[in-house]
>>> print(open('target-v8.txt').read())   # compact mmCIF, C-alpha atoms
# COMPACT_ATOMS: atom_id res chain seq x y z
CA MET J 18 40.38 18.21 19.66
CA ILE J 19 37.38 20.24 18.65
CA GLY J 20 38.19 19.43 15.07
CA VAL J 21 38.08 15.72 15.86
CA ALA J 22 34.68 16.05 17.54
CA PHE J 23 33.40 18.02 14.58
CA PHE J 24 34.56 15.46 12.05
CA VAL J 25 33.11 12.59 14.07
CA PHE J 26 29.80 14.40 14.06
CA ILE J 27 29.91 14.98 10.32
CA PHE J 28 30.82 11.31 9.80
CA ALA J 29 27.77 10.28 11.86
CA ILE J 30 25.49 12.44 9.69
CA LEU J 31 27.00 10.92 6.56
CA THR J 32 26.67 7.38 7.88
CA VAL J 33 23.01 7.74 8.81
CA SER J 34 22.21 9.39 5.48
CA ILE J 35 23.88 6.59 3.51
CA ASP J 36 22.11 3.93 5.55
CA GLN J 37 18.73 5.63 5.14
CA PHE J 38 19.28 5.90 1.38
CA TRP J 39 20.22 2.22 1.15
CA GLN J 40 17.20 1.26 3.26
CA MET J 41 14.75 3.13 1.03
CA THR J 42 16.36 1.70 -2.10
CA LEU J 43 16.18 -1.80 -0.61
CA ASP J 44 12.49 -1.33 0.26
CA ASP J 45 11.74 -0.33 -3.32
CA ALA J 46 13.80 -3.16 -4.81
CA VAL J 47 12.13 -5.75 -2.57
CA ARG J 48 8.66 -4.46 -3.51
CA ASN J 49 9.46 -4.72 -7.21
CA ALA J 50 11.05 -8.17 -6.89
CA THR J 51 8.06 -9.38 -4.84
CA ARG J 52 5.78 -8.28 -7.67
CA GLN J 53 7.78 -10.51 -10.03
CA VAL J 54 7.27 -13.43 -7.64
CA GLN J 55 3.55 -12.64 -7.38
CA ILE J 56 2.99 -12.95 -11.10
CA GLY J 57 5.21 -16.02 -11.47
CA ASN J 58 8.11 -14.38 -13.35
CA VAL J 59 10.61 -15.19 -10.60
CA THR J 60 10.54 -18.79 -9.40
CA THR J 61 13.96 -19.45 -7.83
CA GLY J 62 16.22 -17.90 -5.20
CA PRO J 63 19.01 -16.81 -7.59
CA GLN J 64 16.43 -15.16 -9.86
CA PHE J 65 15.04 -13.35 -6.84
CA VAL J 66 18.47 -12.09 -5.76
CA SER J 67 19.22 -11.00 -9.31
CA SER J 68 15.94 -9.11 -9.47
CA ILE J 69 16.72 -7.22 -6.26
CA CYS J 70 20.37 -6.51 -7.02
CA LYS J 71 19.48 -5.14 -10.46
CA GLU J 72 18.04 -2.15 -8.59
CA PHE J 73 19.66 -2.25 -5.16
CA GLY J 74 23.10 -3.28 -6.39
CA LEU J 75 23.54 0.06 -8.13
CA ALA J 76 23.68 1.74 -4.73
CA ALA J 77 25.00 -0.92 -2.38
CA PRO J 78 28.22 -2.92 -2.84
CA TYR J 79 28.50 -6.73 -2.74
CA CYS J 80 24.71 -7.08 -3.07
CA SER J 81 24.66 -10.60 -4.55
CA ASN J 82 27.12 -11.97 -2.02
CA ASN J 83 25.71 -10.35 1.10
CA LEU J 84 21.96 -10.43 0.55
CA GLN J 85 19.92 -12.84 2.70
CA TYR J 86 16.35 -13.69 1.79
CA SER J 87 13.35 -15.72 2.84
CA VAL J 88 10.45 -16.17 0.40
CA VAL J 89 7.66 -18.35 1.77
CA GLY J 90 4.14 -19.06 0.52
CA GLY J 91 1.10 -20.65 2.12
CA SER J 92 -2.66 -20.63 2.51
CA ALA J 93 -2.65 -18.71 5.80
CA PHE J 94 -0.31 -16.75 8.05
CA SER J 95 -1.28 -18.54 11.25
CA GLY J 96 -1.54 -22.10 12.45
CA ALA J 97 0.79 -25.07 12.32
CA SER J 98 0.64 -25.27 8.54
CA GLY J 99 0.69 -21.52 8.05
CA ILE J 100 3.53 -19.34 6.78
CA SER J 101 6.43 -19.40 9.22
CA PRO J 102 8.46 -16.16 9.14
CA ALA J 103 12.26 -16.34 9.28
CA ALA J 104 13.73 -15.17 12.58
CA PHE J 105 15.86 -12.01 12.50
CA SER J 106 18.67 -12.26 15.06
CA ALA J 107 20.41 -9.50 17.00
CA SER J 108 23.47 -9.97 14.81
CA GLY J 109 21.35 -9.17 11.74
CA THR J 110 20.99 -12.59 10.14
CA LEU J 111 17.84 -14.29 8.86
CA SER J 112 17.26 -17.83 10.02
CA PRO J 113 16.59 -19.95 8.06
CA GLY J 114 18.46 -17.93 5.49
CA ASN J 115 18.28 -17.97 1.71
CA GLN J 116 15.11 -20.04 1.48
CA PHE J 117 12.80 -19.82 -1.50
CA ASN J 118 9.78 -22.10 -1.11
CA THR J 119 8.30 -21.57 -4.54
CA PRO J 120 4.76 -20.49 -3.83
CA SER J 121 2.05 -21.48 -6.26
CA LEU J 122 -0.32 -19.03 -7.89
CA SER J 123 -3.72 -18.54 -6.27
CA ALA J 124 -6.43 -20.77 -7.63
CA THR J 125 -10.21 -20.78 -7.30
CA GLY J 126 -11.03 -21.77 -3.74
CA SER J 127 -7.36 -21.73 -2.76
CA PRO J 128 -5.85 -18.29 -2.17
CA GLN J 129 -2.08 -18.29 -1.72
CA PHE J 130 -0.25 -15.73 0.40
CA LEU J 131 3.37 -14.70 0.27
CA LEU J 132 5.85 -13.42 2.88
CA VAL J 133 9.14 -11.95 1.68
CA GLN J 134 11.93 -10.96 4.05
CA VAL J 135 15.28 -9.57 2.90
CA ALA J 136 18.28 -8.62 5.04
CA TYR J 137 21.44 -6.85 3.89
CA PRO J 138 24.36 -6.84 6.34
CA LEU J 139 26.15 -3.54 5.99
CA PRO J 140 29.50 -4.16 4.29
CA PHE J 141 31.50 -1.79 6.49
CA ARG J 142 31.17 -2.15 10.23
CA ALA J 143 31.57 1.57 10.77
CA LEU J 144 28.41 2.17 8.78
CA ALA J 145 26.36 0.26 11.34
CA VAL J 146 27.08 2.73 14.15
CA SER J 147 26.85 1.47 17.68
CA GLY J 148 23.73 -0.54 18.53
CA GLY J 149 22.40 -0.49 15.00
CA VAL J 150 21.15 3.08 15.42
CA ALA J 151 21.67 3.86 11.77
CA THR J 152 19.69 0.82 10.62
CA GLU J 153 16.88 1.63 13.08
CA ASN J 154 16.30 -2.01 13.91
CA GLY J 155 18.98 -2.60 16.53
CA THR J 156 21.14 -4.79 14.29
CA PRO J 157 23.98 -4.12 11.82
CA SER J 158 21.77 -5.17 8.89
CA LEU J 159 19.07 -3.49 6.86
CA LEU J 160 15.74 -5.35 6.84
CA SER J 161 12.83 -5.14 4.42
CA SER J 162 9.61 -7.21 4.47
CA VAL J 163 6.52 -7.59 2.30
CA ALA J 164 3.38 -9.65 2.90
CA THR J 165 1.01 -10.03 -0.03
CA ALA J 166 -0.95 -12.54 -2.12
CA MET J 167 -0.02 -14.55 -5.17
CA GLU J 168 -1.87 -13.55 -8.32
CA PRO J 169 -4.55 -15.96 -9.56
CA MET X 29 56.46 34.41 25.39
CA ARG X 30 53.41 35.42 27.37
CA ARG X 31 51.94 37.14 24.32
CA PHE X 32 52.52 33.96 22.24
CA TRP X 33 50.63 31.76 24.72
CA SER X 34 47.82 34.22 25.28
CA ARG X 35 47.36 34.58 21.48
CA ARG X 36 47.32 30.82 21.00
CA LEU X 37 44.87 30.24 23.86
CA GLY X 38 42.72 33.04 22.45
CA ARG X 39 42.45 31.32 19.06
CA ARG X 40 41.54 28.00 20.65
CA GLY X 41 38.95 29.71 22.75
CA VAL X 42 37.37 31.25 19.66
CA ALA X 43 37.22 27.82 17.95
CA ALA X 44 35.57 26.32 21.02
CA VAL X 45 32.98 29.07 21.13
CA GLU X 46 32.24 28.73 17.42
CA PHE X 47 31.84 24.99 17.80
CA ALA X 48 29.51 25.45 20.74
CA LEU X 49 27.39 27.83 18.65
CA VAL X 50 27.24 25.58 15.59
CA MET X 51 26.78 22.27 17.41
CA PRO X 52 23.11 22.70 18.42
CA VAL X 53 22.18 23.64 14.87
CA LEU X 54 23.97 20.61 13.46
CA LEU X 55 22.38 18.39 16.07
CA VAL X 56 18.88 19.57 15.21
CA MET X 57 19.63 19.11 11.50
CA PHE X 58 20.88 15.60 12.14
CA ILE X 59 17.90 14.56 14.25
CA GLY X 60 15.48 16.29 11.90
CA THR X 61 16.90 14.47 8.88
CA VAL X 62 16.53 11.12 10.59
CA GLU X 63 12.98 11.91 11.77
CA VAL X 64 11.76 13.10 8.36
CA LEU X 65 13.35 10.22 6.46
CA THR X 66 11.89 7.67 8.88
CA LEU X 67 8.47 9.32 8.62
CA TYR X 68 8.66 9.16 4.84
CA ARG X 69 9.67 5.52 4.96
CA MET X 70 6.83 4.63 7.29
CA GLU X 71 4.35 6.36 4.97
CA ALA X 72 5.64 4.33 2.03
CA LYS X 73 5.43 1.12 4.07
CA LEU X 74 1.86 1.92 5.11
CA ASN X 75 0.89 2.61 1.51
CA ALA X 76 2.29 -0.76 0.45
CA LEU X 77 0.54 -2.45 3.40
CA ALA X 78 -2.86 -1.06 2.42
CA MET X 79 -2.43 -2.22 -1.19
CA ASN X 80 -1.19 -5.65 -0.14
CA VAL X 81 -4.08 -6.18 2.29
CA ALA X 82 -6.49 -5.25 -0.51
CA GLU X 83 -4.82 -7.81 -2.79
CA MET X 84 -4.97 -10.47 -0.07
CA VAL X 85 -8.71 -9.91 0.38
CA ALA X 86 -9.27 -9.80 -3.38
CA VAL X 87 -7.91 -13.33 -3.98
CA GLU X 88 -10.50 -14.82 -1.63
CA ASP X 89 -12.72 -17.11 -3.64
CA GLN X 90 -13.78 -19.98 -1.47
CA ALA X 91 -16.54 -22.48 -2.10
CA THR X 92 -19.73 -20.54 -2.70
CA THR X 93 -23.07 -21.19 -1.08
CA THR X 94 -26.32 -20.81 -2.89
CA GLY X 95 -28.12 -17.56 -2.22
CA THR X 96 -31.67 -16.55 -2.95
CA GLY X 97 -33.00 -17.17 -6.40
CA GLY X 98 -31.21 -20.47 -6.70
CA ASN X 99 -28.48 -19.29 -9.00
CA ASN X 100 -26.67 -16.70 -6.91
CA GLY X 101 -23.66 -17.57 -4.80
CA ILE X 102 -21.80 -16.08 -1.88
CA THR X 103 -18.13 -16.43 -1.02
CA THR X 104 -17.77 -15.91 2.71
CA LEU X 105 -14.63 -14.49 4.31
CA ALA X 106 -14.76 -14.59 8.10
CA ALA X 107 -13.73 -11.62 10.21
CA SER X 108 -11.92 -14.03 12.52
CA GLY X 109 -11.36 -17.73 12.12
CA ALA X 110 -9.50 -20.72 13.49
CA ALA X 111 -5.70 -20.77 13.25
CA GLY X 112 -4.59 -21.96 9.86
CA THR X 113 -7.70 -20.71 8.07
CA THR X 114 -7.92 -17.52 6.08
CA SER X 115 -9.85 -14.60 7.57
CA LEU X 116 -9.55 -10.82 7.89
CA ASN X 117 -7.72 -11.39 11.17
CA ASP X 118 -5.24 -13.79 9.54
CA ILE X 119 -4.64 -11.28 6.75
CA CYS X 120 -4.00 -8.58 9.36
CA ASN X 121 -1.43 -10.84 11.06
CA GLY X 122 0.29 -11.22 7.70
CA ALA X 123 0.28 -7.47 7.19
CA VAL X 124 2.00 -7.05 10.59
CA LEU X 125 4.81 -9.33 9.39
CA GLY X 126 5.13 -7.24 6.25
CA LEU X 127 5.46 -4.01 8.24
CA ARG X 128 8.77 -5.09 9.78
CA PRO X 129 11.11 -3.69 10.98
CA PHE X 130 8.60 -1.06 12.13
CA PRO X 131 6.63 -2.09 15.25
CA ALA X 132 2.98 -2.57 14.38
CA SER X 133 1.43 -1.75 17.76
CA GLY X 134 -1.28 0.88 17.21
CA LEU X 135 -1.85 -0.04 13.57
CA THR X 136 -5.50 -0.20 12.48
CA VAL X 137 -6.66 -1.81 9.25
CA ALA X 138 -10.26 -1.27 8.12
CA VAL X 139 -11.53 -3.42 5.24
CA ALA X 140 -14.85 -2.78 3.49
CA GLY X 141 -16.58 -4.47 0.56
CA VAL X 142 -19.36 -2.94 -1.55
CA THR X 143 -21.41 -4.84 -4.15
CA LEU X 144 -23.78 -3.01 -6.48
CA GLU X 145 -27.03 -4.97 -6.69
CA SER X 146 -28.95 -2.70 -9.02
CA GLN X 147 -29.39 0.94 -9.87
CA THR X 148 -32.09 3.17 -11.32
CA ALA X 149 -32.14 6.86 -12.08
CA SER X 150 -32.70 7.70 -8.43
CA THR X 151 -31.66 4.78 -6.26
CA ALA X 152 -28.93 2.22 -5.96
CA ALA X 153 -29.27 -1.05 -4.07
CA TYR X 154 -26.07 -2.40 -2.66
CA ASP X 155 -24.62 -4.78 -0.10
CA ALA X 156 -21.76 -3.58 2.05
CA TRP X 157 -19.67 -4.98 4.88
CA GLU X 158 -16.78 -3.80 7.04
CA GLY X 159 -14.34 -5.42 9.44
CA ASP X 160 -11.77 -3.44 11.46
CA SER X 161 -8.54 -4.87 12.85
CA THR X 162 -6.42 -3.24 15.54
CA VAL X 163 -2.93 -4.33 16.53
CA SER X 164 -1.71 -4.52 20.11
CA GLY X 165 1.88 -5.70 20.46
CA SER X 166 2.08 -7.80 17.32
CA ALA X 167 -1.32 -9.50 17.50
CA CYS X 168 -4.46 -8.43 15.60
CA THR X 169 -7.99 -8.28 16.93
CA THR X 170 -10.75 -8.04 14.32
CA THR X 171 -14.29 -6.89 15.01
CA ALA X 172 -17.34 -5.63 13.12
CA GLY X 173 -16.16 -2.32 11.69
CA VAL X 174 -17.27 1.33 11.67
CA LYS X 175 -14.08 3.18 10.76
CA ILE X 176 -14.82 3.64 7.07
CA GLY X 177 -18.63 3.51 7.40
CA LEU X 178 -20.84 1.56 5.01
CA VAL X 179 -22.52 4.56 3.39
CA ASN X 180 -19.14 6.24 2.97
CA ALA X 181 -17.74 3.01 1.52
CA PHE X 182 -20.51 2.96 -1.07
CA ASN X 183 -19.84 6.59 -1.99
CA LEU X 184 -16.12 5.92 -2.31
CA ALA X 185 -16.72 2.83 -4.47
CA ALA X 186 -19.37 4.51 -6.60
CA GLY X 187 -17.15 7.47 -7.33
CA ALA X 188 -19.87 9.79 -6.09
CA GLY X 189 -17.75 11.17 -3.27
CA LYS X 190 -20.44 13.33 -1.84
CA GLY X 191 -23.36 11.01 -2.10
CA PHE X 192 -25.25 9.03 -4.68
CA THR X 193 -26.24 11.21 -7.64
CA GLY X 194 -28.38 8.77 -9.57
CA SER X 195 -25.59 7.05 -11.42
CA THR X 196 -22.71 5.04 -10.14
CA SER X 197 -19.33 5.22 -11.74
CA GLY X 198 -15.86 4.50 -10.55
CA MET X 199 -15.38 0.95 -9.37
CA ILE X 200 -18.98 -0.30 -9.35
CA GLU X 201 -20.84 0.43 -12.57
CA VAL X 202 -22.93 -2.64 -13.32
CA PRO X 203 -24.73 -5.07 -10.99
CA CYS X 204 -22.48 -7.37 -9.05
CA ASP X 205 -19.39 -5.24 -9.50
CA GLU X 206 -17.69 -5.41 -6.12
CA ALA X 207 -15.15 -2.99 -4.72
CA ILE X 208 -12.81 -3.65 -1.81
CA ILE X 209 -11.57 -0.66 0.17
CA VAL X 210 -8.75 -0.84 2.71
CA GLN X 211 -7.81 1.99 5.05
CA ALA X 212 -4.65 1.56 7.12
CA SER X 213 -3.62 4.08 9.75
CA MET X 214 -0.92 4.38 12.34
CA THR X 215 0.52 7.06 14.64
CA TYR X 216 4.18 7.80 13.98
CA PRO X 217 5.88 7.51 17.39
CA GLY X 218 8.92 9.66 16.56
CA PHE X 219 12.34 9.48 18.15
CA THR X 220 13.04 12.40 20.43
CA GLY X 221 10.14 14.82 20.08
CA ILE X 222 12.63 17.62 19.43
CA VAL X 223 11.97 18.28 15.74
CA LEU X 224 8.56 16.63 15.35
CA THR X 225 6.82 17.85 18.49
CA SER X 226 3.50 16.18 17.71
CA LYS X 227 2.92 12.59 16.63
CA PRO X 228 1.29 12.65 13.19
CA THR X 229 -1.25 9.98 12.28
CA LEU X 230 -0.52 8.47 8.90
CA THR X 231 -3.40 7.07 6.83
CA GLN X 232 -3.30 5.31 3.49
CA THR X 233 -6.24 3.95 1.47
CA ALA X 234 -6.24 1.33 -1.28
CA TYR X 235 -8.97 0.31 -3.74
CA VAL X 236 -9.28 -2.90 -5.73
CA ARG X 237 -12.08 -4.75 -7.49
CA TRP X 238 -13.02 -8.27 -6.51
CA PRO X 239 -11.81 -10.11 -9.64
CA TYR X 240 -14.24 -13.03 -9.25
CA ALA X 241 -17.34 -10.86 -9.52
CA THR X 242 -20.01 -12.08 -11.95
CA PRO X 243 -23.77 -11.52 -11.96
CA LYS X 244 -23.99 -14.65 -9.81
CA THR X 245 -21.30 -14.20 -7.16
CA GLU X 246 -20.44 -11.90 -4.29
CA LEU X 247 -17.85 -11.70 -1.52
CA GLN X 248 -19.39 -11.29 1.92
CA CYS X 249 -17.90 -11.18 5.39
CA SER X 250 -19.27 -13.05 8.39
CA GLY X 251 -18.76 -11.33 11.72
CA CYS X 252 -18.49 -7.94 10.03
CA THR X 253 -20.85 -4.97 10.08
CA VAL X 254 -23.26 -5.62 7.20
CA SER X 255 -25.60 -3.35 5.28
CA ASN X 256 -28.73 -4.93 3.85
CA ALA X 257 -29.41 -8.60 3.95
CA ALA X 258 -26.35 -10.77 3.56
CA THR X 259 -27.78 -12.50 0.54
CA GLN X 260 -26.72 -12.31 -3.04
CA VAL X 261 -29.56 -11.02 -5.17
CA CYS X 262 -27.95 -9.03 -7.96
CA ASN X 263 -28.44 -10.25 -11.50
CA ASN X 264 -27.46 -9.15 -14.97
CA ASN X 265 -30.96 -7.82 -15.61
CA ASN X 266 -30.41 -4.96 -13.18
CA SER X 267 -33.70 -5.82 -11.49
CA ALA X 268 -32.58 -6.89 -8.03
CA THR X 269 -33.96 -5.32 -4.88
CA ASN X 270 -32.64 -5.79 -1.38
>>> encode(input="target-v8.txt", output="structure tokens")
Amino acid sequence: MIGVAFFVFIFAILTVSIDQFWQMTLDDAVRNATRQVQIGNVTTGPQFVSSICKEFGLAAPYCSNNLQYSVVGGSAFSGASGISPAAFSASGTLSPGNQFNTPSLSATGSPQFLLVQVAYPLPFRALAVSGGVATENGTPSLLSSVATAMEP
Amino acid sequence: MRRFWSRRLGRRGVAAVEFALVMPVLLVMFIGTVEVLTLYRMEAKLNALAMNVAEMVAVEDQATTTGTGGNNGITTLAASGAAGTTSLNDICNGAVLGLRPFPASGLTVAVAGVTLESQTASTAAYDAWEGDSTVSGSACTTTAGVKIGLVNAFNLAAGAGKGFTGSTSGMIEVPCDEAIIVQASMTYPGFTGIVLTSKPTLTQTAYVRWPYATPKTELQCSGCTVSNAATQVCNNNNSATN
């Protein structure tokens, strides 16, 4: 019985470590992919997913199939015509999901801003740990966000 | 038979005692690992936030107004503006969205701009402005700023560090070069307070140049703390005076 408790504890340490590693890798991959969007190299959703999974997919399984994303551009973050962030539900899904509103590059007199949100539902339920403790956001998905500006 | 059971119970007792001795150490290691990794992640997020805010300010190039001299223009970025219009406050709100999933309450973002107007062997004339945003809940409030300090902002931009030494270098070398400095800071709340007993304050600073700078243009901020007259007087003859 003590052995069982011990192994459960070790499993919890392993789970949290794996999730933290995936989270940091996802953060890095999203930052790099966002840079590609900023400079106009990535202009579609599939290209965006490919750019992320090139880096994140090495660590995390089923990246292309599981990844959810929201890439939205606009001239401001507030107001009726401003950038509207995707909602992140308690079940770990982005809504609206998989949207890529191709933002235009910034022009003189017309700065363009960019909001990128990426969610990765953990492939194995056990890795989520109760209440999303391992993901640190209360859901069974990893979440990474970046807000920046489009290059002129 | 009695010796068999007493031996068996003795071994189980030893295992239980060993587990009880090892468990607290493992628990502290587990919590400590999570705390340190989360702290590291928050630092990386804050670093990215500071750089992104600097980039968002740097792309501001709205319609210019004519300054003194007839051929000098000012691009004005408001500290706070109406919903749907760009301003330091709107940029801060965007930065809060980019900080997710970390809660942004307690985040402060100080933005300063420094424009070199002219310099001689002993003096440098410059314009500077600063706006500070603080986050409560998930909403930003932006006011005239003092966190970085305008003189300190000039020293940081000029590369002097410890004060003007008669020659600027670094980010502002010729008249109308403009530097944008962003300082983001936040207190790490921690989880349990067991491993990290104090709450460290994380600070990250980013530097960019305003890419639209010419001898005839300058980025100013209305509603910010301003040093020197908010007029654009620098020229490519290095003869401007505030």
>>> closest_atom_pairs(input="target-v8.txt", of="chain J", to="chain X", cutoff="9 Å", atoms="only C-alpha atoms", output="Markdown table")
| residue | atom | partner | partner_atom | distance |
| --- | --- | --- | --- | --- |
| J:Ile19 | CA | X:Ala44 | CA | 6.8 |
| J:Gly20 | CA | X:Phe47 | CA | 8.9 |
| J:Phe23 | CA | X:Phe47 | CA | 7.8 |
| J:Phe26 | CA | X:Leu54 | CA | 8.5 |
| J:Ile27 | CA | X:Leu54 | CA | 8.8 |
| J:Ala29 | CA | X:Phe58 | CA | 8.7 |
| J:Ile30 | CA | X:Phe58 | CA | 6.1 |
| J:Val33 | CA | X:Val62 | CA | 7.5 |
| J:Ser34 | CA | X:Val62 | CA | 7.8 |
| J:Gln37 | CA | X:Leu65 | CA | 7.2 |
| J:Phe38 | CA | X:Leu65 | CA | 8.9 |
| J:Gln40 | CA | X:Arg69 | CA | 8.8 |
| J:Met41 | CA | X:Arg69 | CA | 6.9 |
| J:Asp44 | CA | X:Lys73 | CA | 8.4 |
| J:Arg48 | CA | X:Ala76 | CA | 8.4 |
| J:Ser92 | CA | X:Thr114 | CA | 7.1 |
| J:Ala93 | CA | X:Thr114 | CA | 5.4 |
| J:Phe94 | CA | X:Gly122 | CA | 5.6 |
| J:Ser95 | CA | X:Gly112 | CA | 5.0 |
| J:Gly96 | CA | X:Gly112 | CA | 4.0 |
| J:Ala97 | CA | X:Gly112 | CA | 6.7 |
| J:Ser98 | CA | X:Gly112 | CA | 6.3 |
| J:Gly99 | CA | X:Gly112 | CA | 5.6 |
| J:Ile100 | CA | X:Gly122 | CA | 8.8 |
| J:Pro102 | CA | X:Leu125 | CA | 7.7 |
| J:Ser123 | CA | X:Val87 | CA | 7.1 |
| J:Ala124 | CA | X:Asp89 | CA | 8.3 |
| J:Thr125 | CA | X:Asp89 | CA | 5.8 |
| J:Gly126 | CA | X:Gln90 | CA | 4.0 |
| J:Ser127 | CA | X:Gln90 | CA | 6.8 |
| J:Pro128 | CA | X:Val87 | CA | 5.7 |
| J:Gln129 | CA | X:Val87 | CA | 8.0 |
| J:Phe130 | CA | X:Met84 | CA | 7.1 |
| J:Leu131 | CA | X:Gly122 | CA | 8.8 |
| J:Leu132 | CA | X:Gly126 | CA | 7.1 |
| J:Val133 | CA | X:Gly126 | CA | 7.7 |
| J:Gln134 | CA | X:Gly126 | CA | 8.1 |
| J:Ala151 | CA | X:Val62 | CA | 9.0 |
| J:Glu153 | CA | X:Pro129 | CA | 8.1 |
| J:Asn154 | CA | X:Pro129 | CA | 6.2 |
| J:Leu159 | CA | X:Pro129 | CA | 9.0 |
| J:Leu160 | CA | X:Pro129 | CA | 6.4 |
| J:Ser161 | CA | X:Arg128 | CA | 6.7 |
| J:Ser162 | CA | X:Gly126 | CA | 4.8 |
| J:Val163 | CA | X:Gly126 | CA | 4.2 |
| J:Ala164 | CA | X:Gly126 | CA | 4.5 |
| J:Thr165 | CA | X:Asn80 | CA | 4.9 |
| J:Ala166 | CA | X:Met84 | CA | 5.0 |
| J:Met167 | CA | X:Val87 | CA | 8.1 |
| J:Glu168 | CA | X:Val87 | CA | 7.4 |
| J:Pro169 | CA | X:Val87 | CA | 7.0 |
>>> atom_distance(input="target-v8.txt", atom1="atom CA of Glu246 of chain X", atom2="atom CA of Ser161 of chain X")
22.0 Å
>>> atom_distance(input="target-v8.txt", atom1="atom CA of Ser164 of chain X", atom2="atom CA of Gly141 of chain X")
24.6 Å
>>> residues_around(input="target-v8.txt", residues="Leu144 of chain X", least_positions_apart="5", cutoff="7 Å", atoms="all atoms listed in the file", output="list in words")
Ala153, Tyr154, Asp155, Ile200, Val202, Pro203, Cys204, Asp205 and Glu206 of chain X
>>> atom_distance(input="target-v8.txt", atom1="atom CA of Ala106 of chain X", atom2="atom CA of Gly251 of chain X")
6.3 Å
>>> closest_residue(input="target-v8.txt", among="X:Gly159, X:Gly60, X:Gly134, X:Gly41", to="Ser108 of chain X", atoms="all atoms listed in the file")
X:Gly159
>>> closest_residue(input="target-v8.txt", among="X:Val42, X:Leu178, X:Leu67, X:Ala140", to="Leu105 of chain X", atoms="all atoms listed in the file")
X:Ala140
>>> residues_near_point(input="target-v8.txt", point="(-15.9, -5.3, 9.8)", cutoff="9 Å", atoms="all atoms listed in the file", output="ChimeraX atom specification")
/X:107,116,138-140,157-161,170-175,249-254
>>> write_last_selection(input="target-v8.txt", atoms="C-alpha atoms", output="tab-separated table (two decimals), keeping the file's coordinate frame")
chain	number	residue	atom	x	y	z
X	107	ALA	CA	-13.73	-11.62	10.21
X	116	LEU	CA	-9.55	-10.82	7.89
X	138	ALA	CA	-10.26	-1.27	8.12
X	139	VAL	CA	-11.53	-3.42	5.24
X	140	ALA	CA	-14.85	-2.78	3.49
X	157	TRP	CA	-19.67	-4.98	4.88
X	158	GLU	CA	-16.78	-3.80	7.04
X	159	GLY	CA	-14.34	-5.42	9.44
X	160	ASP	CA	-11.77	-3.44	11.46
X	161	SER	CA	-8.54	-4.87	12.85
X	170	THR	CA	-10.75	-8.04	14.32
X	171	THR	CA	-14.29	-6.89	15.01
X	172	ALA	CA	-17.34	-5.63	13.12
X	173	GLY	CA	-16.16	-2.32	11.69
X	174	VAL	CA	-17.27	1.33	11.67
X	175	LYS	CA	-14.08	3.18	10.76
X	249	CYS	CA	-17.90	-11.18	5.39
X	250	SER	CA	-19.27	-13.05	8.39
X	251	GLY	CA	-18.76	-11.33	11.72
X	252	CYS	CA	-18.49	-7.94	10.03
X	253	THR	CA	-20.85	-4.97	10.08
X	254	VAL	CA	-23.26	-5.62	7.20
>>> closest_residue(input="target-v8.txt", among="J:Pro63, J:Gly57, J:Pro138, J:Pro113", to="Thr156 of chain J", atoms="only C-alpha atoms")
J:Pro138
>>> closest_residue(input="target-v8.txt", among="J:Gly109, J:Arg52, J:Ala76, J:Leu122", to="Thr152 of chain J", atoms="only C-alpha atoms")
J:Gly109
>>> closest_residue(input="target-v8.txt", among="X:Gly101, X:Pro228, X:Pro243, X:Gly177", to="Val142 of chain X", atoms="all atoms listed in the file")
X:Gly177
